[in-house]
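Asks: Take a look at this one; I'll ask things after.
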Amino acid sequence: MPVRFNPLLFSLCLSATLVTASCGGGSPDTAVADPPSSETPPPFGAPPPSDAPPPSDGNPPPPPPAESTTPTACSALPAVPTRPARVRSVADFGAIGNDSVDDTDAIQRALNSLAPGEWLVFPPGRYVHSKSLHMQVANTVMWGEGATLHASNPSDQAIWIEADGASVYNFTLTAVTNTRRTTPWESRISVFGGTNPRRLLKNNVVRGNRVVWGGAPGTPLANSASAAGIFIYHATNFLVAENTVARSLADAIHVTAGSSYGKVLNNTVKEPGDDMIAVVSYIGDASTSAASIAANFAARRASDLNHHITIAGNSVSGQYWGRGISVVGGENVTIERNSIDRTTHAAGIYLARETSYLTFGVRNILVRNNTITDVQTTIPDYTAGSISASATKTGHGAVEIYSFVFTDEAAISTLSNALVAENIQVESNTITRTRNDGVRIGTGWGRTSTYAGRRSDGSSFTRTYTGGLVGQIGVSGNTMTSIGGQAIAINNRPTTQNNITCDSNTDDGRAASNGLCSGPKPPVTAACAN
């Protein structure tokens, strides 16, 4: 599983719970190798291309979504702000594009000089920075005007947003990388509170940026970010829109730590090293006992559960590890009108409670009008580090839904009734070409397995886990073609209270259901009622 950054153990002793610039791992019922923790830096290589070329696999483009592509009220984009008549220019502080001088200090002076509401504009050119750039003044804007920001330090490379309303528009971002990393400042754009990470950041916008590779495979410019491309931590009312993220070493877009009322809209993701868009809510780490969690579960939930997130209109393809779009712990989430293509390793859409990464459950999730194509049927066109193009597939369905709980968690009703996968509606999606099932629900039910891990002090531990509660799930109006397994696979045993309903689904033009389907559709409002 991917390595996570845990500030509880970090030498700066930041007062956070769990931070990661990578996502939770694959399903515990699979045996897949961990990504590497280090690799030898490759030699310096080719000059940056003018644009990051899209991957080509020779397959026809995915079909349009099954139903209307018109945004709902929840997923409509706001207007781009109009540039004010008077702005500050980074050139006035000594930052000059297209020279060989490190512009870090000049850019930081410019950012620090802004008053709330002011814009800092970068004229066209390539600006090099060797440290993270900190936006610490509220309601300020960094505006790209065709500029490229190049990060030369793999371990400190973020545009680091630390103030309410601070926003970043229209940059091309490249970076030097040498191995996959995990911290917010090793991501390329990071909304993260810095020395006060538990402060709730408000009204941040990341829009119109291109986080892309700058050089040929095998060079330090081959990847766009050491960790996540765009990292959102404990933020509310945020917007991540119309960005391109290609070949980040961890998740392309990662939302975590109690973020809420956010929108991830109309982004393009290509070939990242983990999940393409991930919403992940951590409770602790896998060694945290059920008794410890139960003692303050309500407070943990209020602080660290992601909720009211809309993920819509995105086009994602070709990751070489992880999943397409995932909610691993989260509530009130809408996933609609996305194109999810060539998820080479795992599920196209993944909704789960994980034990290995000790997340919250998933509840009140709407998955509709998405196009999911080629799930584990291809090998990746691009990989980095020691990840092999022939890495073991997870066996997930195109849409994968499950809950695992540790046996001590299952024995405490507060936890067993909360760490669930329920109130989920999967409707009107088009699923084409899968290695395994179209929709797979309830993996791991009825068996007990052993999880082996290590604590922060390096000592080992083992815990047993089993399938948790999965139910109140609707699967309706989905069109499936060339499914390698079952159209709808149900591995748990639904009950009247925790039922799974199926209607109007087709598989190669024929009606598709499952004998375990029954009962009414679940009550799902998701991110909003529209």
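Labeling convention for the structure tokens: chains A, B, ... as they appear, residues from 1 per chain, ligands from 1 in order of appearance.
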Looking only at helix (DSSP H, G or I) from DSSP on the backbone, list the matching residues of range 85-225 of chain A as a list of chain:residue names.
Replies: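 Helix (DSSP H, G or I) assignments inside range 85-225 of chain A correspond to A:Val90, A:Ala91, A:Asp92, A:Phe93, A:Thr104, A:Asp105, A:Ala106, A:Ile107, A:Gln108, A:Arg109, A:Ala110, A:Leu111, A:Asn112, A:Ser113, A:Pro184, A:Trp185, A:Glu186.
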Asks: Include N, CA, C and O atoms and write out the residues we just selected as a CSV table (one decimal), in the first residue's frame.
Replies:
```csv
chain,number,residue,atom,x,y,z
A,90,VAL,N,5.0,40.2,-10.7
A,90,VAL,CA,6.1,39.6,-10.0
A,90,VAL,C,7.4,40.2,-10.5
A,90,VAL,O,8.5,40.1,-9.8
A,91,ALA,N,7.4,40.7,-11.7
A,91,ALA,CA,8.6,41.3,-12.3
A,91,ALA,C,9.1,42.5,-11.5
A,91,ALA,O,10.3,42.8,-11.4
A,92,ASP,N,8.2,43.2,-10.8
A,92,ASP,CA,8.5,44.4,-10.0
A,92,ASP,C,9.4,44.0,-8.8
A,92,ASP,O,9.9,44.8,-8.1
A,93,PHE,N,9.4,42.7,-8.5
A,93,PHE,CA,10.1,42.2,-7.3
A,93,PHE,C,11.4,41.5,-7.7
A,93,PHE,O,12.0,40.8,-6.9
A,104,THR,N,12.9,32.1,-6.2
A,104,THR,CA,12.1,31.8,-5.0
A,104,THR,C,11.9,33.1,-4.2
A,104,THR,O,10.8,33.4,-3.8
A,105,ASP,N,13.0,33.7,-3.8
A,105,ASP,CA,13.0,34.8,-2.9
A,105,ASP,C,12.2,36.0,-3.5
A,105,ASP,O,11.4,36.6,-2.7
A,106,ALA,N,12.3,36.2,-4.7
A,106,ALA,CA,11.6,37.3,-5.4
A,106,ALA,C,10.1,37.1,-5.4
A,106,ALA,O,9.3,38.0,-5.1
A,107,ILE,N,9.7,35.8,-5.7
A,107,ILE,CA,8.3,35.5,-5.7
A,107,ILE,C,7.7,35.6,-4.3
A,107,ILE,O,6.6,36.1,-4.1
A,108,GLN,N,8.5,35.1,-3.3
A,108,GLN,CA,8.0,35.1,-2.0
A,108,GLN,C,7.8,36.5,-1.5
A,108,GLN,O,6.8,36.8,-0.8
A,109,ARG,N,8.8,37.4,-1.8
A,109,ARG,CA,8.6,38.8,-1.4
A,109,ARG,C,7.4,39.4,-2.0
A,109,ARG,O,6.6,40.1,-1.3
A,110,ALA,N,7.1,39.1,-3.3
A,110,ALA,CA,5.9,39.6,-3.9
A,110,ALA,C,4.7,39.1,-3.2
A,110,ALA,O,3.7,39.9,-3.0
A,111,LEU,N,4.6,37.8,-2.9
A,111,LEU,CA,3.4,37.3,-2.3
A,111,LEU,C,3.2,37.9,-0.9
A,111,LEU,O,2.1,38.2,-0.5
A,112,ASN,N,4.3,38.1,-0.2
A,112,ASN,CA,4.2,38.6,1.2
A,112,ASN,C,3.8,40.1,1.1
A,112,ASN,O,3.2,40.6,2.1
A,113,SER,N,4.0,40.8,0.0
A,113,SER,CA,3.7,42.2,-0.1
A,113,SER,C,2.2,42.5,-0.3
A,113,SER,O,1.8,43.6,-0.2
A,184,PRO,N,2.4,17.3,2.2
A,184,PRO,CA,1.8,18.4,1.5
A,184,PRO,C,2.7,19.3,0.7
A,184,PRO,O,2.4,19.7,-0.4
A,185,TRP,N,3.9,19.6,1.3
A,185,TRP,CA,4.8,20.5,0.6
A,185,TRP,C,5.6,19.8,-0.5
A,185,TRP,O,6.3,20.4,-1.3
A,186,GLU,N,5.4,18.5,-0.6
A,186,GLU,CA,6.0,17.7,-1.8
A,186,GLU,C,4.9,17.5,-2.9
A,186,GLU,O,5.2,16.9,-3.9
```
Asks: Give me the residues within 8 Å of Val399 in chain A as a ChimeraX atom specification, counting only C-alpha atoms and dropping any in the same chain fewer than 5 places off.
Replies: /A:347-351,438-440
Asks: Using only C-alpha atoms, determine which residues lie at most 7 Å from Val328 in chain A, disregarding the query and same-chain residues fewer than 4 positions distant; provide the list as a ChimeraX atom specification.
Replies: /A:279-281,351-354,359,362
Asks: From range 95-291 of chain A, collect each residue whose DSSP state is strand (DSSP E or B) and return the set as a PyMOL selection string.
Replies: chain A and resi 102+119-121+125-129+133-135+141-143+147-151+159-161+167-169+172-175+189-191+201-202+205-207+210-211+225+230-233+235-236+239-241+244-246+248+253-256+260-265+268-270+277-280+282
Asks: Which residues are close to Thr479 in chain A, i.e. within 8 Å by only C-alpha atoms, leaving aside same-chain residues fewer than 3 positions away? Reply as an NGL selection string.
Replies: :A and (66 or 428-431 or 505-509)
Asks: Which of these, A:Thr236, A:Thr432, A:Asp251, A:Ala175, has the shortest distance to Gly214 in chain A once you count only C-alpha atoms?
Replies: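 Going through A:Thr236, A:Thr432, A:Asp251, A:Ala175 one by one, the smallest distance to Gly214 in chain A is for A:Ala175.
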Asks: Counting only C-alpha atoms, which residue out of A:Asn196, A:Asn153, A:Thr288, A:Asn370 sits closest to Ser456 in chain A?
Replies: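 For Ser456 in chain A, the nearest of the given residues is A:Thr288.
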Asks: By how many Å are CA of Tyr261 in chain A and CA of Glu331 in chain A apart?
Replies: 10.9 Å
Asks: Go ahead and compute the interatomic distance for CA of Ile309 in chain A and CA of Arg342 in chain A, in Å to one decimal.
Replies: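 Between these atoms lies a distance of 24.0 Å.
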Asks: From the options A:Ile283, A:Met276, A:Ala166, A:Leu173, which residue's atoms come nearest to Tyr127 in chain A, counting only C-alpha atoms?
Replies: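 Comparing A:Ile283, A:Met276, A:Ala166, A:Leu173 against Tyr127 in chain A, the winner is A:Leu173.
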Asks: If we count only C-alpha atoms and set the cut-off at 7 Å, which residues sit around His254 in chain A, ignoring sequence neighbours fewer than 3 positions away in its own chain? Please answer as a list of chain:residue names.
Replies: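 Those residues are A:Ala21, A:Ala228, A:Ile230, A:Phe231, A:Ile232, A:Asp251, A:Ile277, A:Ala278, A:Val279.
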Asks: So which one's closest to Ser339 in chain A, A:Glu422, A:Asp99, A:Asp374, A:Asp164? Using only C-alpha atoms, please.
Replies: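 Going through A:Glu422, A:Asp99, A:Asp374, A:Asp164 one by one, the smallest distance to Ser339 in chain A is for A:Asp374.
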Asks: Can you work out which one of A:His129, A:Met142, A:Thr310, A:Gln157 has the shortest atom-to-atom distance to Ser89 in chain A, counting only C-alpha atoms?
Replies: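 Checking each candidate against Ser89 in chain A, we get A:Met142 as the closest.
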Asks: Within 7 Å of Val87 in chain A, counting only C-alpha atoms, which residues qualify if same-chain residues fewer than 3 places away don't, as a list in words?
Replies: Pro84, Glu118, Trp119, Leu120 and Val121 of chain A
Asks: Take the residues from that selection and put them in a file with N, CA and C atoms, as a PDB file, in the first residue's frame.
Replies:
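What landed in out_27.pdb:
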```
ATOM      1  N   PRO A  84      -8.490  42.420 -12.373  1.00  0.00           N
ATOM      2  CA  PRO A  84      -8.653  43.836 -12.041  1.00  0.00           C
ATOM      3  C   PRO A  84      -7.785  44.722 -12.936  1.00  0.00           C
ATOM      4  N   GLU A 118      -5.622  41.650  -3.429  1.00  0.00           N
ATOM      5  CA  GLU A 118      -4.730  41.969  -4.536  1.00  0.00           C
ATOM      6  C   GLU A 118      -4.347  40.721  -5.340  1.00  0.00           C
ATOM      7  N   TRP A 119      -3.994  40.977  -6.603  1.00  0.00           N
ATOM      8  CA  TRP A 119      -3.553  39.924  -7.513  1.00  0.00           C
ATOM      9  C   TRP A 119      -2.067  40.086  -7.796  1.00  0.00           C
ATOM     10  N   LEU A 120      -1.365  38.944  -7.865  1.00  0.00           N
ATOM     11  CA  LEU A 120       0.014  38.923  -8.317  1.00  0.00           C
ATOM     12  C   LEU A 120       0.057  38.221  -9.671  1.00  0.00           C
ATOM     13  N   VAL A 121       0.445  38.966 -10.709  1.00  0.00           N
ATOM     14  CA  VAL A 121       0.449  38.462 -12.079  1.00  0.00           C
ATOM     15  C   VAL A 121       1.872  38.101 -12.490  1.00  0.00           C
TER      16      VAL A 121
END
```
Asks: Record the distance separating CA of Pro116 in chain A and CA of Asn98 in chain A, expressed in Å with one decimal.
Replies: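 Taking CA of Pro116 in chain A and CA of Asn98 in chain A, their separation equals 29.1 Å.
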Asks: Taking into account only C-alpha atoms, which residue in the set A:Thr343, A:Ser289, A:Ser259, A:Asn306 is nearest to Thr355 in chain A?
Replies: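 Residue with the minimum atom-to-atom distance to Thr355 in chain A: A:Ser289.
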Asks: As a VMD selection string, please: the residues near Ser476 in chain A (cut-off 12 Å, only C-alpha atoms, same-chain neighbours under 4 positions excluded).
Replies: chain A and resid 366 to 369 424 to 430 439 480 487 to 488 500 to 506 511 to 514 517 520 to 522
Asks: Could you save the residues just selected, with N, CA, C and O atoms, as a short mmCIF file (atom, residue, chain, number, x, y, z; two decimals), in the first residue's frame?
Replies:
```cif
data_model
loop_
_atom_site.label_atom_id
_atom_site.label_comp_id
_atom_site.auth_asym_id
_atom_site.auth_seq_id
_atom_site.Cartn_x
_atom_site.Cartn_y
_atom_site.Cartn_z
N LEU A 366 -23.91 9.26 -4.51
CA LEU A 366 -24.61 9.14 -5.78
C LEU A 366 -23.58 9.02 -6.90
O LEU A 366 -22.72 9.89 -7.07
N VAL A 367 -23.68 7.94 -7.67
CA VAL A 367 -22.79 7.69 -8.82
C VAL A 367 -23.69 7.61 -10.05
O VAL A 367 -24.40 6.62 -10.24
N ARG A 368 -23.68 8.64 -10.90
CA ARG A 368 -24.63 8.64 -12.01
C ARG A 368 -24.04 9.28 -13.27
O ARG A 368 -23.18 10.15 -13.21
N ASN A 369 -24.49 8.77 -14.40
CA ASN A 369 -24.16 9.35 -15.71
C ASN A 369 -22.66 9.41 -15.98
O ASN A 369 -22.18 10.32 -16.65
N ILE A 424 -26.20 4.17 -1.07
CA ILE A 424 -25.42 4.41 -2.28
C ILE A 424 -26.29 4.11 -3.48
O ILE A 424 -26.93 3.05 -3.55
N GLN A 425 -26.35 5.03 -4.45
CA GLN A 425 -27.11 4.83 -5.68
C GLN A 425 -26.16 4.88 -6.87
O GLN A 425 -25.44 5.86 -7.06
N VAL A 426 -26.15 3.80 -7.66
CA VAL A 426 -25.33 3.70 -8.87
C VAL A 426 -26.29 3.65 -10.04
O VAL A 426 -26.96 2.63 -10.26
N GLU A 427 -26.41 4.73 -10.81
CA GLU A 427 -27.47 4.78 -11.81
C GLU A 427 -27.01 5.45 -13.11
O GLU A 427 -26.19 6.36 -13.12
N SER A 428 -27.54 4.92 -14.19
CA SER A 428 -27.41 5.53 -15.53
C SER A 428 -25.97 5.71 -15.95
O SER A 428 -25.63 6.69 -16.63
N ASN A 429 -25.11 4.77 -15.56
CA ASN A 429 -23.73 4.79 -16.00
C ASN A 429 -23.53 3.86 -17.20
O ASN A 429 -24.27 2.89 -17.37
N THR A 430 -22.56 4.16 -18.03
CA THR A 430 -22.18 3.30 -19.14
C THR A 430 -20.84 2.66 -18.81
O THR A 430 -19.86 3.36 -18.57
N VAL A 439 -20.46 -4.16 -11.61
CA VAL A 439 -20.62 -3.59 -10.28
C VAL A 439 -20.41 -4.72 -9.29
O VAL A 439 -21.10 -5.74 -9.37
N MET A 480 -24.22 -1.89 -19.66
CA MET A 480 -22.92 -2.56 -19.59
C MET A 480 -22.68 -3.37 -20.85
O MET A 480 -23.60 -4.00 -21.39
N ALA A 487 -22.39 -8.94 -14.45
CA ALA A 487 -22.80 -7.54 -14.57
C ALA A 487 -22.96 -6.94 -13.18
O ALA A 487 -22.46 -5.83 -12.91
N ILE A 488 -23.65 -7.64 -12.29
CA ILE A 488 -23.84 -7.20 -10.90
C ILE A 488 -23.46 -8.37 -10.00
O ILE A 488 -24.15 -9.39 -9.98
N ILE A 500 -30.18 -4.55 -1.34
CA ILE A 500 -29.60 -4.09 -2.59
C ILE A 500 -30.67 -4.23 -3.66
O ILE A 500 -31.21 -5.33 -3.86
N THR A 501 -31.02 -3.14 -4.30
CA THR A 501 -32.06 -3.18 -5.32
C THR A 501 -31.45 -2.98 -6.69
O THR A 501 -30.48 -2.25 -6.86
N CYS A 502 -31.99 -3.68 -7.69
CA CYS A 502 -31.48 -3.61 -9.06
C CYS A 502 -32.65 -3.47 -10.02
O CYS A 502 -33.62 -4.23 -9.92
N ASP A 503 -32.58 -2.52 -10.93
CA ASP A 503 -33.64 -2.41 -11.93
C ASP A 503 -33.12 -1.73 -13.18
O ASP A 503 -32.26 -0.85 -13.13
N SER A 504 -33.63 -2.18 -14.32
CA SER A 504 -33.40 -1.55 -15.63
C SER A 504 -31.94 -1.52 -16.05
O SER A 504 -31.51 -0.64 -16.79
N ASN A 505 -31.13 -2.49 -15.57
CA ASN A 505 -29.75 -2.61 -16.02
C ASN A 505 -29.68 -3.56 -17.21
O ASN A 505 -30.46 -4.51 -17.31
N THR A 506 -28.71 -3.33 -18.09
CA THR A 506 -28.52 -4.24 -19.21
C THR A 506 -27.05 -4.64 -19.32
O THR A 506 -26.15 -3.90 -18.95
N ALA A 511 -31.35 -7.82 -20.21
CA ALA A 511 -31.62 -7.41 -18.85
C ALA A 511 -30.62 -8.06 -17.90
O ALA A 511 -30.28 -9.24 -18.04
N ALA A 512 -30.12 -7.30 -16.95
CA ALA A 512 -29.12 -7.79 -16.02
C ALA A 512 -29.56 -7.50 -14.59
O ALA A 512 -29.97 -6.37 -14.27
N SER A 513 -29.47 -8.51 -13.72
CA SER A 513 -29.82 -8.33 -12.32
C SER A 513 -29.03 -9.35 -11.51
O SER A 513 -28.03 -9.90 -11.97
N ASN A 514 -29.47 -9.61 -10.30
CA ASN A 514 -28.86 -10.60 -9.43
C ASN A 514 -29.96 -11.12 -8.52
O ASN A 514 -30.81 -10.34 -8.06
N CYS A 517 -31.02 -9.29 -5.33
CA CYS A 517 -31.57 -7.93 -5.36
C CYS A 517 -33.03 -7.94 -4.92
O CYS A 517 -33.82 -8.79 -5.34
N PRO A 520 -36.69 -1.55 -1.90
CA PRO A 520 -36.76 -0.22 -2.50
C PRO A 520 -35.38 0.39 -2.73
O PRO A 520 -34.38 -0.04 -2.17
N LYS A 521 -35.36 1.44 -3.56
CA LYS A 521 -34.14 2.20 -3.75
C LYS A 521 -33.77 2.91 -2.45
O LYS A 521 -34.64 3.28 -1.66
N PRO A 522 -32.49 3.14 -2.24
CA PRO A 522 -32.08 3.80 -1.00
C PRO A 522 -32.37 5.30 -1.03
O PRO A 522 -32.44 5.90 -2.11
#
```
